[in-house]
Structure formats: structure tokens, C-alpha cells
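A.B. asks: Next comes the structure file coords38.cif, holding mmCIF, C-alpha atoms.
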```cif
data_start
#
loop_
_atom_site.label_atom_id
_atom_site.label_comp_id
_atom_site.auth_asym_id
_atom_site.auth_seq_id
_atom_site.Cartn_x
_atom_site.Cartn_y
_atom_site.Cartn_z
CA MET A 1 6.43 81.30 7.57
CA PRO A 2 10.17 81.90 8.05
CA ALA A 3 11.11 85.24 9.60
CA ARG A 4 14.10 85.42 7.29
CA ILE A 5 13.46 86.15 3.62
CA ARG A 6 14.50 83.00 1.79
CA THR A 7 17.43 82.88 -0.60
CA ALA A 8 16.59 84.54 -3.93
CA VAL A 9 17.52 82.46 -6.97
CA ASP A 10 17.34 83.70 -10.54
CA PRO A 11 15.06 81.23 -12.38
CA ARG A 12 17.59 81.21 -15.22
CA PHE A 13 20.25 79.65 -12.96
CA PRO A 14 19.73 76.02 -14.11
CA THR A 15 19.99 76.99 -17.79
CA GLU A 16 22.99 79.22 -17.19
CA LEU A 17 24.78 76.52 -15.21
CA THR A 18 24.24 74.03 -18.02
CA ARG A 19 25.40 76.54 -20.63
CA ARG A 20 28.57 77.40 -18.74
CA ARG A 21 29.39 73.72 -18.21
CA THR A 22 28.82 72.67 -21.83
CA GLU A 23 30.74 75.69 -23.15
CA ARG A 24 33.77 74.38 -21.29
CA ASP A 25 33.10 70.90 -22.69
CA LEU A 26 32.67 69.43 -19.21
CA SER A 27 30.46 66.50 -18.29
CA LEU A 28 28.50 66.46 -15.05
CA ARG A 29 31.10 64.05 -13.73
CA ASP A 30 33.89 66.49 -14.66
CA LEU A 31 32.16 69.37 -12.89
CA ALA A 32 31.43 67.17 -9.88
CA ARG A 33 35.14 66.55 -9.53
CA LEU A 34 36.02 70.25 -9.95
CA GLY A 35 33.32 71.55 -7.63
CA HIS A 36 33.43 68.73 -5.09
CA TYR A 37 29.73 67.94 -5.48
CA SER A 38 28.02 64.72 -6.49
CA LYS A 39 26.95 64.18 -10.08
CA SER A 40 23.33 63.64 -8.97
CA PHE A 41 23.32 66.92 -7.03
CA LEU A 42 24.56 68.83 -10.07
CA HIS A 43 21.97 67.10 -12.25
CA ASP A 44 19.25 68.24 -9.84
CA LEU A 45 20.60 71.80 -9.96
CA GLU A 46 20.55 71.85 -13.77
CA SER A 47 17.05 70.38 -13.90
CA GLY A 48 15.76 72.87 -11.35
CA ARG A 49 14.78 70.18 -8.84
CA THR A 50 17.24 71.56 -6.28
CA ARG A 51 17.77 75.22 -5.38
CA PRO A 52 21.37 76.33 -4.99
CA THR A 53 22.64 78.11 -1.91
CA SER A 54 24.84 81.15 -2.31
CA ASP A 55 27.86 79.06 -1.26
CA VAL A 56 27.12 76.47 -3.94
CA ALA A 57 26.70 79.19 -6.56
CA ARG A 58 30.01 80.80 -5.62
CA GLN A 59 31.87 77.48 -5.70
CA LEU A 60 30.44 76.51 -9.08
CA ASP A 61 31.18 79.99 -10.37
CA ALA A 62 34.82 79.53 -9.41
CA ALA A 63 34.97 76.01 -10.85
CA LEU A 64 33.56 77.20 -14.19
CA GLU A 65 35.49 80.48 -14.15
CA ALA A 66 32.21 82.31 -14.69
CA GLY A 67 33.53 85.64 -13.44
CA GLY A 68 30.79 86.09 -10.84
CA ALA A 69 27.88 85.55 -13.24
CA LEU A 70 26.59 82.43 -11.48
CA ALA A 71 27.27 83.80 -8.01
CA ALA A 72 25.22 86.91 -8.79
CA MET A 73 22.18 84.75 -9.57
CA VAL A 74 21.84 83.52 -5.97
CA VAL A 75 21.47 86.09 -3.20
CA ASP A 76 21.06 85.69 0.56
CA PRO A 77 19.02 88.69 1.72
CA PRO A 78 19.90 90.13 5.13
CA ALA A 79 17.95 88.81 8.10
CA VAL A 80 14.83 90.84 8.79
CA THR A 81 13.86 89.29 12.09
CA THR A 82 15.22 86.91 14.70
CA ALA A 83 14.71 83.19 15.28
CA ASP A 84 12.33 84.07 18.12
CA ASP A 85 10.36 86.25 15.74
CA GLY A 86 10.15 83.34 13.34
CA ALA A 87 8.77 81.12 16.09
CA ARG A 88 6.19 83.79 16.93
CA LEU A 89 5.06 83.98 13.30
CA ALA A 90 4.88 80.19 13.03
CA TYR A 91 2.67 80.16 16.12
CA LEU A 92 0.35 82.80 14.66
CA VAL A 93 -0.03 80.88 11.41
CA THR A 94 -1.39 77.90 13.35
CA ASN A 95 -3.25 80.05 15.89
CA PRO A 96 -4.67 83.00 13.92
CA THR A 97 -7.09 83.96 16.68
CA ARG A 98 -4.07 84.84 18.88
CA LEU A 99 -2.97 87.62 16.56
CA ASP A 100 -1.26 90.53 18.32
CA SER A 101 0.28 93.85 17.33
CA VAL A 102 3.81 92.45 17.48
CA GLY A 103 2.96 89.76 14.94
CA VAL A 104 1.38 92.28 12.59
CA GLN A 105 4.45 94.51 12.82
CA LEU A 106 6.77 91.58 12.09
CA LEU A 107 4.83 90.82 8.92
CA ALA A 108 4.90 94.48 7.93
CA ASP A 109 8.69 94.46 8.45
CA VAL A 110 9.10 91.44 6.16
CA LEU A 111 7.02 93.15 3.47
CA ALA A 112 9.02 96.37 3.79
CA ALA A 113 12.26 94.40 3.43
CA GLN A 114 10.95 92.68 0.31
CA ARG A 115 10.05 96.03 -1.21
CA ARG A 116 13.59 97.28 -0.61
CA LEU A 117 15.04 94.06 -1.98
CA ASP A 118 13.08 94.62 -5.19
CA ASP A 119 15.21 97.72 -5.79
CA ALA A 120 18.28 95.49 -6.04
CA LEU A 121 17.03 92.21 -7.52
CA PRO A 122 15.13 91.42 -10.73
CA ALA A 123 11.43 90.71 -10.34
CA PRO A 124 11.77 87.08 -11.56
CA MET A 125 14.08 86.47 -8.59
CA MET A 126 11.71 88.23 -6.20
CA LEU A 127 8.49 86.44 -7.12
CA PRO A 128 9.50 82.99 -5.78
CA VAL A 129 10.59 84.74 -2.57
CA SER A 130 7.45 86.83 -2.13
CA LEU A 131 4.62 84.60 -3.36
CA PRO A 132 4.74 82.05 -0.48
CA HIS A 133 4.72 84.86 2.09
CA TRP A 134 1.79 86.54 0.34
CA HIS A 135 -0.27 83.35 0.33
CA THR A 136 0.47 82.76 4.01
CA VAL A 137 -0.45 86.30 5.02
CA ARG A 138 -3.68 86.20 3.03
CA ASP A 139 -4.68 82.91 4.65
CA LEU A 140 -3.82 84.30 8.07
CA ALA A 141 -5.81 87.49 7.41
CA ALA A 142 -8.84 85.46 6.35
CA GLN A 143 -8.85 83.62 9.69
CA ALA A 144 -7.65 86.37 12.04
CA ARG A 145 -10.06 87.75 14.59
CA GLY A 146 -9.90 90.42 17.24
CA ARG A 147 -8.87 94.05 17.40
CA HIS A 148 -5.63 93.55 15.46
CA ALA A 149 -7.27 91.87 12.47
CA PRO A 150 -7.88 95.18 10.60
CA GLU A 151 -4.15 95.98 10.87
CA LEU A 152 -3.32 92.61 9.35
CA HIS A 153 -5.86 93.12 6.57
CA ALA A 154 -4.06 96.35 5.64
CA VAL A 155 -0.69 94.54 5.49
CA ALA A 156 -2.23 91.77 3.38
CA ALA A 157 -3.71 94.34 1.00
CA GLU A 158 -0.32 96.01 0.58
CA TRP A 159 1.26 92.62 -0.08
CA THR A 160 -1.29 91.94 -2.83
CA GLN A 161 -0.39 95.24 -4.46
CA PHE A 162 3.32 94.43 -4.19
CA ILE A 163 2.81 91.05 -5.88
CA GLY A 164 0.91 92.81 -8.64
CA TRP A 165 3.84 95.19 -9.08
CA LEU A 166 6.35 92.33 -9.26
CA HIS A 167 4.31 90.68 -11.99
CA ALA A 168 4.11 94.01 -13.81
CA GLU A 169 7.85 94.52 -13.51
CA ALA A 170 8.48 90.98 -14.80
CA ARG A 171 6.06 91.70 -17.69
CA ASN A 172 3.63 89.01 -16.61
CA ASP A 173 1.00 91.51 -17.69
CA ASN A 174 -2.14 89.37 -17.44
CA GLN A 175 -1.25 88.10 -13.98
CA ALA A 176 -0.31 91.62 -12.92
CA VAL A 177 -3.68 93.02 -13.97
CA ARG A 178 -5.55 90.20 -12.24
CA VAL A 179 -3.67 90.70 -8.96
CA LEU A 180 -3.92 94.50 -9.11
CA ILE A 181 -7.68 94.28 -9.57
CA GLU A 182 -7.73 92.28 -6.32
CA ALA A 183 -5.42 94.87 -4.76
CA ALA A 184 -7.82 97.69 -5.68
CA GLN A 185 -10.71 95.85 -4.03
CA GLU A 186 -8.64 95.18 -0.92
CA ALA A 187 -7.47 98.81 -0.79
CA ASP A 188 -11.08 99.95 -0.70
CA ALA A 189 -11.92 97.33 1.92
CA VAL A 190 -9.23 98.69 4.25
CA ASP A 191 -10.14 102.29 3.32
CA SER A 192 -6.66 103.27 2.09
CA GLY A 193 -6.53 106.12 -0.41
CA PRO A 194 -2.75 105.86 -0.92
CA LEU A 195 -2.96 102.13 -1.58
CA ALA A 196 -5.87 102.52 -3.99
CA ALA A 197 -4.05 105.29 -5.88
CA GLN A 198 -0.80 103.34 -6.10
CA THR A 199 -2.66 100.34 -7.46
CA GLU A 200 -4.04 102.46 -10.29
CA ASN A 201 -0.55 103.88 -10.80
CA PHE A 202 0.81 100.37 -11.35
CA ARG A 203 -1.98 99.67 -13.83
CA GLY A 204 -0.86 102.78 -15.69
CA TYR A 205 2.71 101.49 -15.70
CA ILE A 206 1.56 98.26 -17.34
CA GLU A 207 -0.29 100.14 -20.07
CA ARG A 208 2.80 102.29 -20.71
CA GLN A 209 4.90 99.17 -21.20
CA ARG A 210 2.22 97.86 -23.57
CA GLY A 211 2.31 101.09 -25.57
CA ASN A 212 -1.38 101.78 -24.84
CA ALA A 213 -1.50 105.56 -24.43
CA ARG A 214 -5.22 105.65 -23.75
CA GLY A 215 -4.76 103.13 -20.94
CA VAL A 216 -1.92 105.27 -19.58
CA VAL A 217 -4.24 108.27 -19.33
CA ARG A 218 -7.12 106.24 -17.93
CA HIS A 219 -5.25 104.68 -15.03
CA PHE A 220 -2.98 107.57 -14.10
CA LEU A 221 -5.95 109.95 -14.12
CA ALA A 222 -7.81 107.49 -11.89
CA ALA A 223 -4.82 107.49 -9.52
CA TYR A 224 -4.60 111.30 -9.66
CA HIS A 225 -8.25 111.69 -8.67
CA THR A 226 -8.33 108.95 -6.01
CA PRO A 227 -9.59 110.47 -2.74
CA GLY A 228 -7.06 110.24 0.06
CA SER A 229 -3.93 109.83 -2.05
CA SER A 230 -0.84 111.70 -0.89
CA PRO A 231 0.39 114.95 -2.51
CA LEU A 232 3.56 113.30 -3.84
CA GLN A 233 1.49 110.54 -5.41
CA ARG A 234 -0.76 113.11 -7.08
CA VAL A 235 2.22 114.97 -8.55
CA GLY A 236 3.61 111.80 -10.10
CA ASP A 237 0.23 110.63 -11.36
CA ALA A 238 -0.55 114.00 -12.99
CA VAL A 239 2.82 113.98 -14.75
CA GLN A 240 2.37 110.45 -16.04
CA ALA A 241 -1.19 111.11 -17.20
CA ALA A 242 0.23 114.13 -19.06
CA HIS A 243 2.69 111.79 -20.75
CA GLY A 244 -0.24 109.67 -21.92
CA TYR A 245 -2.04 112.70 -23.35
CA ALA A 246 1.16 113.74 -25.13
CA LEU A 247 1.42 110.29 -26.69
CA LEU A 248 -2.17 110.67 -27.90
CA GLY A 249 -1.31 114.02 -29.50
CA ASP A 250 -3.50 115.97 -27.07
CA ARG A 251 -1.02 118.73 -26.27
CA PRO A 252 -3.46 121.08 -24.44
CA SER A 253 -4.47 118.36 -21.96
CA ALA A 254 -0.83 117.37 -21.43
CA VAL A 255 0.24 120.97 -20.77
CA ARG A 256 -2.70 121.55 -18.44
CA LEU A 257 -1.82 118.52 -16.31
CA LEU A 258 1.85 119.47 -16.21
CA GLY A 259 0.78 122.86 -14.89
CA GLU A 260 -1.36 121.22 -12.21
CA ALA A 261 1.56 119.01 -11.24
CA GLY A 262 3.78 122.06 -10.93
CA ASP A 263 1.25 123.76 -8.67
CA LEU A 264 1.09 120.67 -6.46
CA THR A 265 4.84 120.23 -6.18
CA THR A 266 5.42 123.03 -3.68
CA ALA A 267 2.75 121.71 -1.33
CA ALA A 268 3.97 118.13 -1.80
CA GLU A 269 7.50 118.99 -0.67
CA SER A 270 6.31 119.38 2.92
CA HIS A 271 4.54 116.00 3.00
CA PRO A 272 6.41 112.71 3.38
CA PRO A 273 5.46 109.88 1.04
CA PRO A 274 3.30 107.05 2.34
CA ALA A 275 5.32 104.01 3.45
CA LEU A 276 3.88 101.94 0.60
CA ALA A 277 5.40 104.43 -1.88
CA TYR A 278 8.60 105.22 0.02
CA TRP A 279 10.53 106.01 -3.17
CA LEU A 280 8.54 109.15 -3.96
CA THR A 281 10.33 112.48 -3.66
CA PRO A 282 9.81 115.84 -5.40
CA THR A 283 12.74 114.96 -7.69
CA PHE A 284 11.45 111.47 -8.45
CA SER A 285 8.62 112.88 -10.56
CA ARG A 286 11.17 114.61 -12.81
CA MET A 287 11.74 111.29 -14.57
CA GLY A 288 8.05 111.23 -15.45
CA LEU A 289 8.33 114.87 -16.53
CA GLY A 290 11.15 113.83 -18.82
CA LEU A 291 8.95 111.22 -20.51
CA ALA A 292 6.18 113.79 -20.96
CA TYR A 293 8.47 116.44 -22.47
CA LEU A 294 10.02 113.85 -24.76
CA ALA A 295 6.57 112.91 -26.05
CA LEU A 296 5.83 116.64 -26.52
CA GLY A 297 8.97 116.99 -28.65
CA ASP A 298 11.02 119.07 -26.21
CA ARG A 299 14.24 117.04 -26.06
CA VAL A 300 16.18 119.60 -24.05
CA ALA A 301 13.60 119.74 -21.23
CA ALA A 302 13.23 115.98 -21.42
CA ALA A 303 16.95 115.36 -21.00
CA ASP A 304 17.27 117.91 -18.18
CA ASN A 305 14.43 116.35 -16.18
CA LEU A 306 15.40 112.74 -16.82
CA ARG A 307 19.00 113.41 -15.85
CA ALA A 308 17.98 115.28 -12.69
CA GLY A 309 15.59 112.54 -11.61
CA LEU A 310 18.04 109.72 -12.24
CA ASN A 311 20.92 111.53 -10.55
CA ALA A 312 18.83 112.14 -7.43
CA LEU A 313 18.00 108.45 -6.91
CA PRO A 314 19.41 106.85 -3.75
CA GLU A 315 22.30 104.51 -4.41
CA ASP A 316 20.24 101.40 -3.68
CA GLN A 317 17.71 102.34 -6.38
CA CYS A 318 20.09 103.32 -9.16
CA GLY A 319 20.26 99.82 -10.61
CA ALA A 320 16.59 98.95 -10.20
CA GLU A 321 14.89 97.38 -13.21
CA TRP A 322 12.31 100.15 -13.46
CA THR A 323 15.05 102.74 -14.10
CA VAL A 324 15.86 101.18 -17.50
CA GLU A 325 12.86 102.88 -19.10
CA TYR A 326 14.10 106.31 -18.01
CA ARG A 327 17.71 105.66 -19.04
CA GLN A 328 16.56 104.62 -22.49
CA ALA A 329 14.43 107.76 -22.75
CA LEU A 330 17.43 109.88 -21.73
CA ALA A 331 19.47 108.30 -24.53
CA VAL A 332 16.70 109.11 -27.01
CA ALA A 333 16.55 112.68 -25.72
CA GLY A 334 20.26 113.03 -26.38
CA GLY A 335 21.34 113.09 -22.76
#
```
Transcribe the structure of this file into C-alpha cells.
C.D. replies:
Amino acid sequence: MPARIRTAVDPRFPTELTRRRTERDLSLRDLARLGHYSKSFLHDLESGRTRPTSDVARQLDAALEAGGALAAMVVDPPAVTTADDGARLAYLVTNPTRLDSVGVQLLADVLAAQRRLDDALPAPMMLPVSLPHWHTVRDLAAQARGRHAPELHAVAAEWTQFIGWLHAEARNDNQAVRVLIEAAQEADAVDSGPLAAQTENFRGYIERQRGNARGVVRHFLAAYHTPGSSPLQRVGDAVQAAHGYALLGDRPSAVRLLGEAGDLTTAAESHPPPALAYWLTPTFSRMGLGLAYLALGDRVAAADNLRAGLNALPEDQCGAEWTVEYRQALAVAGG
């Protein structure tokens, strides 16, 4: 396992490269001359047999006058750990019984970095980066022994949940559900209330994208009532379950849950979010409130809450894929 997160490449890069080349009426030989690459190398790029580096993407972008479109499809994430750290991880992979706390923390750092990277890159770019690491960590966790093994199991369980989220975000719904079911089982195995609740939360997100209001209520209520979840998680889950009830036309249940969420908010403000749900803040849930009020027919309250939630997002989350849903709702609300 490399310590550095590998280069992220948009899976649409080969098709986009071909499209840009043919639009300019260039042969592979023509582009090879312009970009100073071999014809066979370019053919492998367009067929997907070879992954581009960021330097290659930038040079081809310039050669095709793509205005940065090709360059943006290949990203070198910042280094998470050092070469020595990478050697340590490689040793652990082949010697799982020598697991130590430093190795577990390095893996947790890589996962945390991937979560942050997901705020900036589309899920289809993240999955090829994250899946190999997930498989390696799961294999390592299955073989690890000793007093640090439970810590590694917790990291592996969080990675499973993260992979489920990436599939959900990419709208690979069936794969997302399958992985999140595994994540729920692993969350219980490591006795993590926050992880179990967040897994149900992601199941609710999938049902919302599917337009299944009953599924929205079912999973967000399950998250809301999960023992051990954090106060900020419970606020968000209550709000999103209320949205589901509003979509079902059950106004009393929606209003009741919104009231419960309001009561929880004051207490939640003094509790930090769990690391696996680092994005949660008291203002974050206002985007969910906006969806609920919009479904209840109150466009003014919907717009106010959606705008407040979106405006309070940190800069590195403003362009995240999951914000599109809230921006579209704000447009519908007249904001």
C-alpha cells in the first residue's frame, strides 16, 4: 500500500481526450507530434490501458487548447505521509502480526485525507483511488493480531462506510446498499454508535436520491434512534426524517420531528462532531431544514435555511457534489 494517495483520474478522461482530438480533426500521429508523445502511448491513453499523469494531462490540454478541461480530470493529491511511512505500511501488509499503533494511525490518516479529498473531487474519480486501499486494509484487519487489532478493525469499518458513501454519491445505488449493509455489521462489531448511525444516514441519502420517501423516513429514523450517536448526528437525522414525512404528506410527524431537532440543537452546539462525520455543524443541518420546509410548502423558510446552510460551508466543501441537491432546492424555493 503506498503512503501517498495515488493520482486521481476521471474515468471519462479517455473519452474526453478522443473527443477533443477528433473535434480538431487531428489523427493520433498529429497529436503525437504536437504533444511530443508516441502514437502508441496516446492510443493507450484513449483506450484506457494507460493512466495519465497530471503532467501528461496538462501537456495534452495545452496541445488541444482544451482550456483546462483535460488538466482538471487528473489530480495529484497532496502527500499524506512520508516515504518511510510507506515502507512501514508495506512491511505491515506482509507482516500483519507486527501491527503497531503507529501503523494504525498512518492508515487512519490516509482515510481522513481521502474523506477530505472527496469534498473536492467527484466520486467516480475517488473510487479508483480508494478501493485498492480499502481492500488492503480489510485484508490486513482480517489477519492482524495483538492489542492494536481492535483499533485497525475500527479503521477498516470506517473505510467500508466511506466506500459505501462514494458509491452512493456516484449513484451506484445497488453497490452502495450492499457495502453499507456490510458497514452496519462492522460498526456493530466495533461497537461504534456514531459509525452505525452514519451508515443509516447514508442509506437514507440513497433513498432520497431514489425518490423513496418511505425509505427516507425508515433509514433516517433508524439513524436518529441509534444508541451512541452524537448530538449533531441526531439533529441532522431528525431533520431529514422530517423531510421524509413531509414528502409522504404526514405534516404532524414532520413538525414534531422538527421540534425535536430544534430542542436538540442547543445541546448539540457544545459537542464536537465525531471524526467520521467531521462536516457536521449546527448550521449544516439548516440545509436539511430547508428541504423539509420546502416539502411542507414554506418556500420562505426553505430558502432562508438553505441559503444559511450553504453560505456557512467551509470553502473546501462549497463545490462538493453533495451540495448540488441543496442548490437545486434553493432555486426551487426562489432563493
A.B. asks: May I have the residues within 8 Å of range 98-112 of chain A as an NGL selection string, using all atoms listed in the file and disregarding those fewer than 5 positions away in the same chain?
C.D. replies: :A and (3-5 or 80-81 or 85 or 88-89 or 92 or 137 or 144-146 or 148-149 or 151-152 or 155 or 159)
A.B. asks: Contacts of range 38-47 of chain A at 9 Å or less, counting all atoms listed in the file, minus same-chain residues fewer than 5 places along, as a list in words?
C.D. replies: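 That gives Phe13, Pro14, Thr15, Glu16, Leu17, Thr18, Leu28, Arg29, Asp30, Leu31, Ala32, Arg33 and Pro52 of chain A.
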A.B. asks: The PyMOL selection byres ((chain A and resi 170) around 10) - which residues does that actually catch in the file I just gave you? List them as a PDB file with C-alpha atoms, in the frame of the given file.
C.D. replies:
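This is the output file expr32.pdb:
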```pdb
ATOM      1  CA  PRO A 122      15.130  91.420 -10.730  1.00  0.00           C
ATOM      2  CA  ALA A 123      11.430  90.710 -10.340  1.00  0.00           C
ATOM      3  CA  PRO A 124      11.770  87.080 -11.560  1.00  0.00           C
ATOM      4  CA  MET A 125      14.080  86.470  -8.590  1.00  0.00           C
ATOM      5  CA  MET A 126      11.710  88.230  -6.200  1.00  0.00           C
ATOM      6  CA  LEU A 127       8.490  86.440  -7.120  1.00  0.00           C
ATOM      7  CA  GLY A 164       0.910  92.810  -8.640  1.00  0.00           C
ATOM      8  CA  TRP A 165       3.840  95.190  -9.080  1.00  0.00           C
ATOM      9  CA  LEU A 166       6.350  92.330  -9.260  1.00  0.00           C
ATOM     10  CA  HIS A 167       4.310  90.680 -11.990  1.00  0.00           C
ATOM     11  CA  ALA A 168       4.110  94.010 -13.810  1.00  0.00           C
ATOM     12  CA  GLU A 169       7.850  94.520 -13.510  1.00  0.00           C
ATOM     13  CA  ARG A 171       6.060  91.700 -17.690  1.00  0.00           C
ATOM     14  CA  ASN A 172       3.630  89.010 -16.610  1.00  0.00           C
ATOM     15  CA  ASP A 173       1.000  91.510 -17.690  1.00  0.00           C
ATOM     16  CA  ALA A 176      -0.310  91.620 -12.920  1.00  0.00           C
ATOM     17  CA  GLU A 321      14.890  97.380 -13.210  1.00  0.00           C
TER      18      GLU A 321
END
```
A.B. asks: Step by step, work through what the PyMOL selection byres ((chain A and resi 213-223) around 10) selects in the shown file, and finish by giving those residues as a VMD selection string.
C.D. replies: chain A and resid 193 to 212 224 to 227 229 233 to 234 236 to 249 254 257
A.B. asks: What does the PyMOL selection byres ((chain A and resi 330) around 8) select in this file, as a VMD selection string?
C.D. replies: chain A and resid 290 302 to 303 306 to 307 326 to 329 331 to 335
A.B. asks: Which distance in Å separates CA of Phe284 in chain A and CA of Ala308 in chain A, to one decimal?
C.D. replies: 8.7 Å
A.B. asks: Please, what distance in Å, to one decimal, runs between CA of Pro282 in chain A and CA of Asp263 in chain A?
C.D. replies: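 About the pair CA of Pro282 in chain A and CA of Asp263 in chain A: they are 12.1 Å apart.
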A.B. asks: Considering all atoms listed in the file, can you say which of A:Ala275, A:Val324, A:Ala141, A:Ala292 comes closest to Ala261 in chain A?
C.D. replies: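 For Ala261 in chain A, the nearest of the given residues is A:Ala292.
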A.B. asks: CA of Gln185 in chain A to CA of His133 in chain A: how many Å, to one decimal?
C.D. replies: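 Taking CA of Gln185 in chain A as the start and CA of His133 in chain A as the end point, the length is 19.9 Å.
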A.B. asks: Would you please work out which residue, of A:Ser192, A:Thr22, A:Thr323, A:Ser27, is nearest to Gly228 in chain A when using all atoms listed in the file?
C.D. replies: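 Using all atoms listed in the file, the shortest distance to Gly228 in chain A belongs to A:Ser192.
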A.B. asks: Given all atoms listed in the file as the basis, pick out the residue of A:Arg58, A:Ala277, A:Thr265, A:Ala113 nearest to Pro78 in chain A.
C.D. replies: A:Ala113
A.B. asks: Just want the 12 Å neighbourhood of Thr283 in chain A, counted on only C-alpha atoms, with same-chain residues fewer than 2 positions away dropped. Output as a list in words.
C.D. replies: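 Using only C-alpha atoms, the neighbours found are Leu232, Val235, Gly236, Gly262, Thr265, Thr266, Ala268, Glu269, Trp279, Leu280, Thr281, Ser285, Arg286, Met287, Gly288, Leu289, Gly290, Asp304, Asn305, Leu306, Arg307, Ala308, Gly309, Leu310, Asn311, Ala312, Leu313 and Pro314 of chain A.
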A.B. asks: Measuring atom to atom with only C-alpha atoms, identify which of A:Ala90, A:Ala8, A:Ala57, A:Leu296 is nearest to Pro128 in chain A.
C.D. replies: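 Closest to Pro128 in chain A of all the choices is A:Ala8.
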A.B. asks: Around all the atoms of range 218-231 of chain A listed in the file, with 3 Å of room on each side, what axis-aligned box do you get, giving centre and edge lengths in Å to one decimal, as lines of an AutoDock Vina configuration file?
C.D. replies:
```
center_x = -4.6
center_y = 109.8
center_z = -8.9
size_x = 16.0
size_y = 16.3
size_z = 24.0
```
